[in-house]
Amino acid sequence: MHSHILFNVDDGPESLEETLSIFDQAVAQGISGMISTSHVLHPLYHVPFEVVNEQIKRLQKEIDRRTLPLTLYPGHEVRLSGDVLALCEKKQLHTLAHSNYLLLELPSNFIPKYTKDIIYGLLTADITPIIAHPERNRVIAENPGHLEQLIREGALAQITAGSLAGMFGKTIQKLSITLVRSNLVHTYGSDVHNLKTRPLLFEKGLRFLEKQKELDAVDCFLENNTRILNNQPLLCYEPEDTFTKKRWKFF
């Protein structure tokens, strides 16, 4: 439900051949559906709505020609902006697989003051924001209570396979499993970008959860990923009241 597979449009694969190699790896890891979530409204990358549609159609034809058991779906990784709701209403941003779920990316080093307002506005428009890779946000890493507050406001969150697999280091890996055990993440994505520096690691992240005896989390994440495709309500558990002793402050 989180992948950068369109070639030569953002920091994902640079060629059609590299994209097709990612698809081969996905099928080998048991993946049968991928939501393409190219960056949009990002300071460095902005992949227009129609470009996503055009490449998805082209890539699906290549997949079918190669008889791979894989289906692609459109989406965007939407960088937090005051224009998000208006652009959604103008049909300029892709939700995940045409569902009522939107993958929302926070800045890396802070949480803007208007984040709660954006969440509220989206929810009012019947769009549920799913916060991408919160474990890689500096403010949340320093105090996961910030994520807990966003979840209690109605947002959901997505954990990244590479974070659980240790690709971003032990500190982020430890934080990731803490967020899982605190019921602060609800979906699981590869966030694959390429074959070398940001590989798929979908299966490896799941194996780490199994090794940590988080079998229920594995089942829940995979079930929720399917529910996104079907535009169904996600399985959510009450967040553990782990971080509320500290007073939250948004920057």
# chains A, B, ... in the order shown; residues from 1 in each chain; ligands from 1

$ select_by_dssp --residues "segment 55-246 of chain A" --states "helix (DSSP H, G or I)" --output "PyMOL selection string"
chain A and resi 55-65+84-89+96-98+115-124+134-136+138-142+145-152+161-165+170-181+202-211+215-229

$ write_last_selection --atoms "C-alpha atoms" --output "compact mmCIF listing (two decimals), in the first residue's frame"
# COMPACT_ATOMS: atom_id res chain seq x y z
CA GLN A 55 2.04 4.97 -16.16
CA ILE A 56 -0.18 2.59 -14.21
CA LYS A 57 -1.94 1.64 -17.46
CA ARG A 58 1.36 1.17 -19.28
CA LEU A 59 2.93 -0.87 -16.50
CA GLN A 60 -0.14 -3.08 -16.09
CA LYS A 61 0.07 -3.91 -19.79
CA GLU A 62 3.71 -4.95 -19.31
CA ILE A 63 2.74 -7.07 -16.30
CA ASP A 64 -0.03 -8.76 -18.23
CA ARG A 65 2.26 -9.35 -21.19
CA VAL A 84 -4.59 18.96 0.55
CA LEU A 85 -8.34 19.04 1.09
CA ALA A 86 -9.00 21.47 -1.76
CA LEU A 87 -6.88 19.40 -4.15
CA CYS A 88 -8.71 16.23 -3.09
CA GLU A 89 -12.02 17.90 -3.86
CA LEU A 96 -5.18 4.75 -2.20
CA ALA A 97 -6.68 2.51 -4.89
CA HIS A 98 -9.69 4.83 -5.36
CA THR A 115 -1.77 19.03 11.10
CA LYS A 116 -4.82 18.42 13.29
CA ASP A 117 -6.86 20.85 11.20
CA ILE A 118 -5.95 18.97 8.01
CA ILE A 119 -6.87 15.65 9.63
CA TYR A 120 -10.20 17.06 10.77
CA GLY A 121 -10.94 18.53 7.33
CA LEU A 122 -10.17 15.26 5.57
CA LEU A 123 -12.28 13.24 7.98
CA THR A 124 -15.16 15.66 7.50
CA PRO A 134 5.76 8.00 11.36
CA GLU A 135 8.75 6.16 12.83
CA ARG A 136 11.00 8.32 10.64
CA ARG A 138 12.12 13.24 14.34
CA VAL A 139 9.49 14.69 16.70
CA ILE A 140 7.61 11.38 16.92
CA ALA A 141 10.89 9.53 17.48
CA GLU A 142 11.65 11.84 20.40
CA GLY A 145 2.95 10.60 22.20
CA HIS A 146 2.75 13.00 19.27
CA LEU A 147 1.66 10.13 17.03
CA GLU A 148 -0.75 8.89 19.69
CA GLN A 149 -2.46 12.27 19.68
CA LEU A 150 -2.84 12.22 15.88
CA ILE A 151 -4.32 8.72 16.07
CA ARG A 152 -6.79 9.85 18.72
CA ALA A 161 9.03 -2.85 6.09
CA GLY A 162 12.57 -1.48 5.96
CA SER A 163 12.21 0.15 9.38
CA LEU A 164 11.22 -3.17 10.95
CA ALA A 165 13.92 -4.99 9.00
CA LYS A 170 18.57 -0.16 15.36
CA THR A 171 17.03 2.98 16.89
CA ILE A 172 14.28 3.21 14.28
CA GLN A 173 13.79 -0.55 14.38
CA LYS A 174 13.27 -0.41 18.15
CA LEU A 175 10.88 2.53 17.84
CA SER A 176 8.96 0.71 15.11
CA ILE A 177 8.26 -2.36 17.22
CA THR A 178 7.28 -0.07 20.12
CA LEU A 179 4.73 1.69 17.91
CA VAL A 180 3.37 -1.68 16.78
CA ARG A 181 2.98 -2.91 20.35
CA PHE A 202 8.30 -6.75 2.44
CA GLU A 203 8.85 -10.33 3.53
CA LYS A 204 11.84 -9.49 5.76
CA GLY A 205 9.83 -6.96 7.78
CA LEU A 206 7.06 -9.50 8.35
CA ARG A 207 9.58 -12.12 9.45
CA PHE A 208 10.96 -9.67 12.01
CA LEU A 209 7.46 -9.18 13.44
CA GLU A 210 7.03 -12.95 13.62
CA LYS A 211 10.38 -13.31 15.39
CA LEU A 215 1.79 -12.64 14.88
CA ASP A 216 -1.46 -10.78 15.52
CA ALA A 217 0.12 -7.62 14.11
CA VAL A 218 1.15 -9.45 10.94
CA ASP A 219 -2.39 -10.72 10.44
CA CYS A 220 -3.89 -7.31 11.21
CA PHE A 221 -1.60 -5.38 8.85
CA LEU A 222 -2.14 -7.72 5.92
CA GLU A 223 -5.88 -7.77 6.54
CA ASN A 224 -5.97 -3.98 6.66
CA ASN A 225 -3.98 -3.69 3.44
CA THR A 226 -6.65 -5.82 1.76
CA ARG A 227 -9.38 -3.72 3.34
CA ILE A 228 -7.86 -0.59 1.82
CA LEU A 229 -8.18 -2.16 -1.63

$ atom_distance --atom1 "atom CA of Pro129 of chain A" --atom2 "atom CA of Pro13 of chain A"
25.8 Å

$ atom_distance --atom1 "atom CA of Val78 of chain A" --atom2 "atom CA of Tyr45 of chain A"
10.5 Å

$ select_by_dssp --residues "segment 69-216 of chain A" --states "strand (DSSP E or B)" --output "ChimeraX atom specification"
/A:71-73,76-79,101-105,128-132,156-160,187-189,192

$ closest_residue --among "A:Leu184, A:Leu16, A:Ala26, A:Leu103" --to "His39 of chain A" --atoms "only C-alpha atoms"
A:Leu103

$ closest_residue --among "A:His186, A:Asn230, A:Ser38, A:Ala157" --to "Asp11 of chain A" --atoms "only C-alpha atoms"
A:Ser38

$ closest_residue --among "A:Ser21, A:Asn194, A:Asn100, A:Asn8" --to "Val47 of chain A" --atoms "only C-alpha atoms"
A:Asn8

$ atom_distance --atom1 "atom CA of Glu50 of chain A" --atom2 "atom CA of Thr95 of chain A"
13.3 Å

$ residues_around --residues "segment 196-199 of chain A" --least-positions-apart "6" --cutoff "9 Å" --atoms "only C-alpha atoms" --output "PDB file with N, CA, C and O atoms, in the first residue's frame"
ATOM      1  N   GLY A  12      11.993   7.278  -7.211  1.00  0.00           N
ATOM      2  CA  GLY A  12      11.813   5.852  -7.401  1.00  0.00           C
ATOM      3  C   GLY A  12      12.719   5.317  -8.501  1.00  0.00           C
ATOM      4  O   GLY A  12      13.770   5.898  -8.793  1.00  0.00           O
ATOM      5  N   ILE A  22      11.500  -4.835  -9.888  1.00  0.00           N
ATOM      6  CA  ILE A  22      10.802  -4.707  -8.605  1.00  0.00           C
ATOM      7  C   ILE A  22       9.547  -5.582  -8.613  1.00  0.00           C
ATOM      8  O   ILE A  22       9.237  -6.260  -7.621  1.00  0.00           O
ATOM      9  N   GLY A 162      11.151  -1.702   5.749  1.00  0.00           N
ATOM     10  CA  GLY A 162      12.573  -1.475   5.964  1.00  0.00           C
ATOM     11  C   GLY A 162      12.899  -1.029   7.380  1.00  0.00           C
ATOM     12  O   GLY A 162      13.963  -1.365   7.921  1.00  0.00           O
ATOM     13  N   MET A 167      16.785  -1.579   8.239  1.00  0.00           N
ATOM     14  CA  MET A 167      17.495  -0.873   7.180  1.00  0.00           C
ATOM     15  C   MET A 167      17.878   0.547   7.591  1.00  0.00           C
ATOM     16  O   MET A 167      18.875   1.096   7.117  1.00  0.00           O
ATOM     17  N   SER A 190       5.870  -1.367   1.949  1.00  0.00           N
ATOM     18  CA  SER A 190       7.296  -1.563   1.658  1.00  0.00           C
ATOM     19  C   SER A 190       8.032  -0.241   1.506  1.00  0.00           C
ATOM     20  O   SER A 190       9.196  -0.142   1.857  1.00  0.00           O
TER      21      SER A 190
END

$ closest_residue --among "A:Pro69, A:Val192, A:Pro239, A:Met34" --to "Pro144 of chain A" --atoms "only C-alpha atoms"
A:Pro239
